[in-house]
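Asks: One file is attached below, my_file-v1.txt, containing compact mmCIF, N, CA and C atoms.
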# COMPACT_ATOMS: atom_id res chain seq x y z
N MET A 24 -4.98 13.85 -14.28
CA MET A 24 -4.26 14.16 -13.06
C MET A 24 -2.80 13.75 -13.24
N ALA A 25 -1.90 14.58 -12.80
CA ALA A 25 -0.47 14.32 -12.94
C ALA A 25 -0.05 13.16 -12.04
N HIS A 26 1.02 12.48 -12.45
CA HIS A 26 1.51 11.33 -11.69
C HIS A 26 1.80 11.70 -10.23
N ARG A 27 2.40 12.84 -10.03
CA ARG A 27 2.73 13.29 -8.67
C ARG A 27 1.46 13.41 -7.83
N ASP A 28 0.40 13.97 -8.42
CA ASP A 28 -0.86 14.14 -7.69
C ASP A 28 -1.48 12.78 -7.35
N VAL A 29 -1.42 11.86 -8.28
CA VAL A 29 -1.97 10.52 -8.05
C VAL A 29 -1.20 9.83 -6.92
N LEU A 30 0.11 9.91 -6.97
CA LEU A 30 0.93 9.27 -5.94
C LEU A 30 0.72 9.95 -4.58
N ASP A 31 0.61 11.26 -4.57
CA ASP A 31 0.35 11.97 -3.31
C ASP A 31 -1.00 11.56 -2.72
N ALA A 32 -2.01 11.41 -3.57
CA ALA A 32 -3.33 10.99 -3.10
C ALA A 32 -3.27 9.57 -2.54
N LEU A 33 -2.55 8.69 -3.21
CA LEU A 33 -2.37 7.33 -2.71
C LEU A 33 -1.66 7.34 -1.36
N GLN A 34 -0.64 8.16 -1.23
CA GLN A 34 0.09 8.25 0.03
C GLN A 34 -0.84 8.71 1.16
N ARG A 35 -1.65 9.72 0.90
CA ARG A 35 -2.60 10.19 1.91
C ARG A 35 -3.59 9.09 2.28
N ASP A 36 -4.08 8.36 1.29
CA ASP A 36 -5.04 7.29 1.53
C ASP A 36 -4.44 6.19 2.40
N TYR A 37 -3.26 5.71 2.04
CA TYR A 37 -2.61 4.66 2.83
C TYR A 37 -2.27 5.15 4.24
N THR A 38 -1.83 6.40 4.36
CA THR A 38 -1.49 6.95 5.67
C THR A 38 -2.73 7.03 6.56
N THR A 39 -3.82 7.53 6.02
CA THR A 39 -5.08 7.64 6.76
C THR A 39 -5.56 6.26 7.18
N ARG A 40 -5.49 5.32 6.27
CA ARG A 40 -5.92 3.95 6.56
C ARG A 40 -5.07 3.34 7.67
N ALA A 41 -3.76 3.50 7.58
CA ALA A 41 -2.87 2.92 8.59
C ALA A 41 -3.11 3.56 9.96
N GLU A 42 -3.31 4.86 9.99
CA GLU A 42 -3.56 5.54 11.26
C GLU A 42 -4.87 5.06 11.90
N ALA A 43 -5.90 4.89 11.09
CA ALA A 43 -7.19 4.41 11.61
C ALA A 43 -7.06 2.99 12.16
N ILE A 44 -6.33 2.16 11.47
CA ILE A 44 -6.14 0.78 11.93
C ILE A 44 -5.34 0.77 13.23
N ARG A 45 -4.31 1.59 13.31
CA ARG A 45 -3.51 1.65 14.55
C ARG A 45 -4.39 2.10 15.73
N ARG A 46 -5.28 3.06 15.49
CA ARG A 46 -6.21 3.49 16.55
C ARG A 46 -7.09 2.33 16.99
N ASP A 47 -7.63 1.58 16.02
CA ASP A 47 -8.49 0.44 16.34
C ASP A 47 -7.72 -0.63 17.11
N LEU A 48 -6.49 -0.86 16.73
CA LEU A 48 -5.68 -1.86 17.43
C LEU A 48 -5.31 -1.41 18.84
N GLY A 49 -5.29 -0.12 19.09
CA GLY A 49 -4.92 0.41 20.38
C GLY A 49 -6.05 0.43 21.40
N ARG A 50 -7.23 0.07 20.98
CA ARG A 50 -8.36 0.10 21.91
C ARG A 50 -8.25 -1.03 22.94
N THR A 51 -8.92 -0.87 24.04
CA THR A 51 -8.90 -1.91 25.08
C THR A 51 -9.91 -2.99 24.72
N HIS A 52 -9.67 -4.18 25.24
CA HIS A 52 -10.56 -5.31 24.98
C HIS A 52 -11.55 -5.49 26.12
N SER A 53 -12.64 -6.11 25.81
CA SER A 53 -13.69 -6.39 26.77
C SER A 53 -13.18 -7.34 27.86
N ALA A 54 -13.80 -7.25 29.04
CA ALA A 54 -13.46 -8.16 30.13
C ALA A 54 -14.12 -9.52 29.91
N ASP A 55 -15.18 -9.55 29.10
CA ASP A 55 -15.88 -10.80 28.80
C ASP A 55 -15.01 -11.67 27.90
N PHE A 56 -14.75 -12.91 28.31
CA PHE A 56 -13.83 -13.79 27.60
C PHE A 56 -14.28 -14.06 26.16
N ALA A 57 -15.55 -14.38 25.95
CA ALA A 57 -16.04 -14.69 24.61
C ALA A 57 -15.91 -13.48 23.68
N GLU A 58 -16.29 -12.34 24.21
CA GLU A 58 -16.18 -11.12 23.39
C GLU A 58 -14.72 -10.78 23.13
N GLN A 59 -13.86 -10.99 24.13
CA GLN A 59 -12.44 -10.72 23.98
C GLN A 59 -11.82 -11.62 22.91
N ALA A 60 -12.25 -12.88 22.85
CA ALA A 60 -11.74 -13.81 21.83
C ALA A 60 -12.10 -13.30 20.44
N GLN A 61 -13.32 -12.80 20.27
CA GLN A 61 -13.75 -12.25 18.98
C GLN A 61 -12.95 -11.00 18.64
N GLN A 62 -12.71 -10.17 19.63
CA GLN A 62 -11.95 -8.95 19.40
C GLN A 62 -10.52 -9.29 18.98
N ARG A 63 -9.94 -10.30 19.57
CA ARG A 63 -8.57 -10.70 19.21
C ARG A 63 -8.52 -11.25 17.79
N GLN A 64 -9.55 -11.96 17.38
CA GLN A 64 -9.62 -12.42 15.99
C GLN A 64 -9.70 -11.21 15.05
N ASN A 65 -10.50 -10.24 15.44
CA ASN A 65 -10.61 -9.02 14.64
C ASN A 65 -9.26 -8.31 14.57
N ASP A 66 -8.50 -8.34 15.66
CA ASP A 66 -7.18 -7.72 15.67
C ASP A 66 -6.26 -8.37 14.65
N GLU A 67 -6.36 -9.67 14.49
CA GLU A 67 -5.53 -10.37 13.49
C GLU A 67 -5.83 -9.86 12.09
N VAL A 68 -7.11 -9.65 11.81
CA VAL A 68 -7.51 -9.11 10.50
C VAL A 68 -6.97 -7.69 10.36
N LEU A 69 -7.13 -6.89 11.42
CA LEU A 69 -6.63 -5.51 11.38
C LEU A 69 -5.11 -5.47 11.18
N GLU A 70 -4.40 -6.37 11.83
CA GLU A 70 -2.94 -6.41 11.66
C GLU A 70 -2.55 -6.73 10.22
N ALA A 71 -3.30 -7.62 9.58
CA ALA A 71 -3.04 -7.93 8.17
C ALA A 71 -3.34 -6.72 7.29
N LEU A 72 -4.42 -6.02 7.60
CA LEU A 72 -4.76 -4.81 6.83
C LEU A 72 -3.72 -3.71 7.05
N LEU A 73 -3.21 -3.61 8.27
CA LEU A 73 -2.17 -2.62 8.56
C LEU A 73 -0.90 -2.95 7.77
N ALA A 74 -0.52 -4.21 7.73
CA ALA A 74 0.67 -4.61 6.97
C ALA A 74 0.48 -4.28 5.49
N GLU A 75 -0.72 -4.48 4.98
CA GLU A 75 -1.01 -4.16 3.58
C GLU A 75 -0.90 -2.66 3.33
N ALA A 76 -1.43 -1.85 4.24
CA ALA A 76 -1.36 -0.39 4.10
C ALA A 76 0.08 0.09 4.18
N GLU A 77 0.85 -0.49 5.11
CA GLU A 77 2.26 -0.09 5.23
C GLU A 77 3.06 -0.49 4.00
N GLN A 78 2.78 -1.65 3.43
CA GLN A 78 3.45 -2.06 2.20
C GLN A 78 3.06 -1.13 1.05
N GLY A 79 1.80 -0.73 1.02
CA GLY A 79 1.36 0.23 0.01
C GLY A 79 2.11 1.55 0.13
N LEU A 80 2.33 2.00 1.36
CA LEU A 80 3.09 3.23 1.57
C LEU A 80 4.52 3.10 1.07
N VAL A 81 5.13 1.96 1.32
CA VAL A 81 6.50 1.72 0.84
C VAL A 81 6.54 1.81 -0.68
N ARG A 82 5.59 1.16 -1.32
CA ARG A 82 5.56 1.16 -2.80
C ARG A 82 5.31 2.56 -3.36
N VAL A 83 4.45 3.33 -2.68
CA VAL A 83 4.19 4.70 -3.12
C VAL A 83 5.46 5.54 -2.98
N ARG A 84 6.14 5.41 -1.86
CA ARG A 84 7.38 6.17 -1.66
C ARG A 84 8.43 5.80 -2.70
N GLN A 85 8.50 4.52 -3.04
CA GLN A 85 9.45 4.10 -4.07
C GLN A 85 9.07 4.71 -5.42
N ALA A 86 7.78 4.75 -5.73
CA ALA A 86 7.33 5.36 -6.99
C ALA A 86 7.62 6.86 -6.98
N GLN A 87 7.41 7.51 -5.84
CA GLN A 87 7.72 8.94 -5.74
C GLN A 87 9.21 9.18 -5.94
N GLN A 88 10.04 8.30 -5.43
CA GLN A 88 11.48 8.41 -5.61
C GLN A 88 11.85 8.26 -7.09
N ARG A 89 11.23 7.28 -7.76
CA ARG A 89 11.49 7.11 -9.20
C ARG A 89 11.05 8.35 -9.97
N LEU A 90 9.93 8.94 -9.56
CA LEU A 90 9.46 10.16 -10.21
C LEU A 90 10.48 11.28 -10.03
N ALA A 91 10.98 11.43 -8.81
CA ALA A 91 11.97 12.47 -8.51
C ALA A 91 13.27 12.26 -9.30
N GLU A 92 13.61 11.00 -9.53
CA GLU A 92 14.84 10.67 -10.27
C GLU A 92 14.64 10.70 -11.78
N GLY A 93 13.39 10.88 -12.22
CA GLY A 93 13.11 10.95 -13.65
C GLY A 93 12.98 9.61 -14.34
N CYS A 94 12.81 8.54 -13.56
CA CYS A 94 12.68 7.23 -14.20
C CYS A 94 11.33 6.57 -13.90
N TYR A 95 10.37 7.36 -13.40
CA TYR A 95 9.03 6.84 -13.17
C TYR A 95 8.42 6.43 -14.52
N GLY A 96 7.80 5.28 -14.54
CA GLY A 96 7.17 4.80 -15.77
C GLY A 96 8.10 3.98 -16.64
N GLU A 97 9.33 3.76 -16.17
CA GLU A 97 10.26 2.88 -16.88
C GLU A 97 10.32 1.56 -16.14
N CYS A 98 10.26 0.47 -16.87
CA CYS A 98 10.33 -0.86 -16.28
C CYS A 98 11.68 -1.05 -15.59
N LEU A 99 11.66 -1.51 -14.35
CA LEU A 99 12.90 -1.74 -13.61
C LEU A 99 13.68 -2.94 -14.14
N CYS A 100 13.02 -3.77 -14.92
CA CYS A 100 13.67 -4.96 -15.45
C CYS A 100 14.28 -4.71 -16.83
N CYS A 101 13.44 -4.29 -17.77
CA CYS A 101 13.92 -4.15 -19.14
C CYS A 101 14.21 -2.71 -19.56
N GLY A 102 13.75 -1.74 -18.76
CA GLY A 102 14.00 -0.34 -19.07
C GLY A 102 13.03 0.27 -20.07
N GLU A 103 12.12 -0.53 -20.59
CA GLU A 103 11.14 -0.01 -21.54
C GLU A 103 10.05 0.75 -20.79
N PRO A 104 9.34 1.65 -21.50
CA PRO A 104 8.26 2.39 -20.85
C PRO A 104 7.12 1.46 -20.41
N ILE A 105 6.58 1.75 -19.26
CA ILE A 105 5.39 1.03 -18.78
C ILE A 105 4.19 1.67 -19.45
N ASP A 106 3.29 0.86 -19.98
CA ASP A 106 2.12 1.35 -20.69
C ASP A 106 1.32 2.31 -19.81
N ALA A 107 0.85 3.40 -20.41
CA ALA A 107 0.10 4.43 -19.67
C ALA A 107 -1.14 3.85 -19.01
N ALA A 108 -1.81 2.91 -19.67
CA ALA A 108 -3.00 2.30 -19.08
C ALA A 108 -2.64 1.50 -17.83
N ARG A 109 -1.48 0.85 -17.86
CA ARG A 109 -1.04 0.09 -16.68
C ARG A 109 -0.73 1.06 -15.53
N LEU A 110 -0.07 2.17 -15.82
CA LEU A 110 0.23 3.15 -14.78
C LEU A 110 -1.04 3.81 -14.24
N ALA A 111 -2.03 3.99 -15.12
CA ALA A 111 -3.29 4.57 -14.66
C ALA A 111 -3.99 3.61 -13.71
N ALA A 112 -3.93 2.32 -14.00
CA ALA A 112 -4.57 1.32 -13.16
C ALA A 112 -3.76 1.01 -11.92
N MET A 113 -2.44 1.08 -12.04
CA MET A 113 -1.53 0.73 -10.95
C MET A 113 -0.38 1.75 -10.93
N PRO A 114 -0.62 2.91 -10.30
CA PRO A 114 0.38 3.98 -10.35
C PRO A 114 1.74 3.63 -9.76
N VAL A 115 1.81 2.58 -8.93
CA VAL A 115 3.09 2.20 -8.32
C VAL A 115 3.78 1.08 -9.10
N ALA A 116 3.28 0.78 -10.29
CA ALA A 116 3.85 -0.32 -11.09
C ALA A 116 5.35 -0.11 -11.30
N GLU A 117 6.10 -1.19 -11.09
CA GLU A 117 7.54 -1.15 -11.27
C GLU A 117 7.98 -1.80 -12.58
N TYR A 118 7.10 -2.63 -13.11
CA TYR A 118 7.46 -3.43 -14.29
C TYR A 118 6.41 -3.27 -15.38
N CYS A 119 6.87 -3.39 -16.61
CA CYS A 119 5.94 -3.44 -17.73
C CYS A 119 5.15 -4.75 -17.60
N LEU A 120 4.10 -4.88 -18.35
CA LEU A 120 3.25 -6.06 -18.24
C LEU A 120 4.01 -7.34 -18.55
N HIS A 121 4.86 -7.29 -19.57
CA HIS A 121 5.64 -8.47 -19.95
C HIS A 121 6.56 -8.92 -18.80
N CYS A 122 7.31 -7.98 -18.24
CA CYS A 122 8.26 -8.33 -17.17
C CYS A 122 7.54 -8.67 -15.87
N ALA A 123 6.36 -8.09 -15.64
CA ALA A 123 5.61 -8.37 -14.42
C ALA A 123 5.22 -9.85 -14.34
N GLU A 124 5.05 -10.47 -15.48
CA GLU A 124 4.70 -11.90 -15.51
C GLU A 124 5.81 -12.75 -14.94
N PHE A 125 7.03 -12.27 -14.98
CA PHE A 125 8.19 -13.08 -14.56
C PHE A 125 8.77 -12.63 -13.21
N ASN A 126 8.25 -11.56 -12.63
CA ASN A 126 8.74 -11.06 -11.35
C ASN A 126 7.74 -11.29 -10.24
Would you put the structure from the file into structure tokens?
Replies:
Amino acid sequence: MAHRDVLDALQRDYTTRAEAIRRDLGRTHSADFAEQAQQRQNDEVLEALLAEAEQGLVRVRQAQQRLAEGCYGECLCCGEPIDAARLAAMPVAEYCLHCAEFN
């Protein structure tokens, strides 16, 4: 699968995830105090998951920008190519494995 296709699929996944979480966060809470306390705890978890999905979207958009500029797969630190296996495992990778250890 081409890099563009992988990044587009990731973007769709993060977008779908974020939309579902926003829907869940928008629901009304129970009038029962004990149940409402549990729901609010669940909201905290959902908010953390939403932040993670939104950060994933930012990273995907940055990778798409690098692809458009022709520098996708180049380490932002040293300029060397990022290993294909690393990009396959982490399509939004910004750094080669060596530089990732220090960033």
Asks: Quick one: distance from atom C of Gln64 (chain A) to CA of Ala43 (chain A) in Å, one decimal?
Replies: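 Interatomic distance here is 16.2 Å.
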Asks: Write out as a ChimeraX atom specification all residues of chain A that backbone DSSP assigns to helix (DSSP H, G or I).
Replies: /A:26-48,56-92,107-112,120-123
Asks: How many Å separate atom C of Arg82 (chain A) from CA of Glu103 (chain A)?
Replies: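 Computing it gives 19.3 Å between the two atoms.
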Asks: Considering all atoms listed in the file, can you say which of A:Asp36, A:Ala116, A:Leu30, A:Gln61 comes closest to Tyr95 (chain A)?
Replies: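 Comparing A:Asp36, A:Ala116, A:Leu30, A:Gln61 against Tyr95 (chain A), the winner is A:Ala116.
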Asks: Using only N, CA and C atoms, find the one residue out of A:Glu124, A:Arg40, A:Glu58, A:Ala32 that sits nearest to Ala76 (chain A).
Replies: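 When distances to Ala76 (chain A) are compared using only N, CA and C atoms, the smallest one comes from A:Arg40.
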Asks: Taking all atoms listed in the file into account, name the residue in A:Ala71, A:Arg50, A:Asn126, A:Pro114 that is nearest to Val29 (chain A).
Replies: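 Closest residue, counting all atoms listed in the file: A:Pro114.
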Asks: For CA of Gly102 (chain A) and CA of Cys119 (chain A), determine how far apart the two atoms are, in Å to one decimal place.
Replies: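 For CA of Gly102 (chain A) relative to CA of Cys119 (chain A), the distance reads 8.7 Å.
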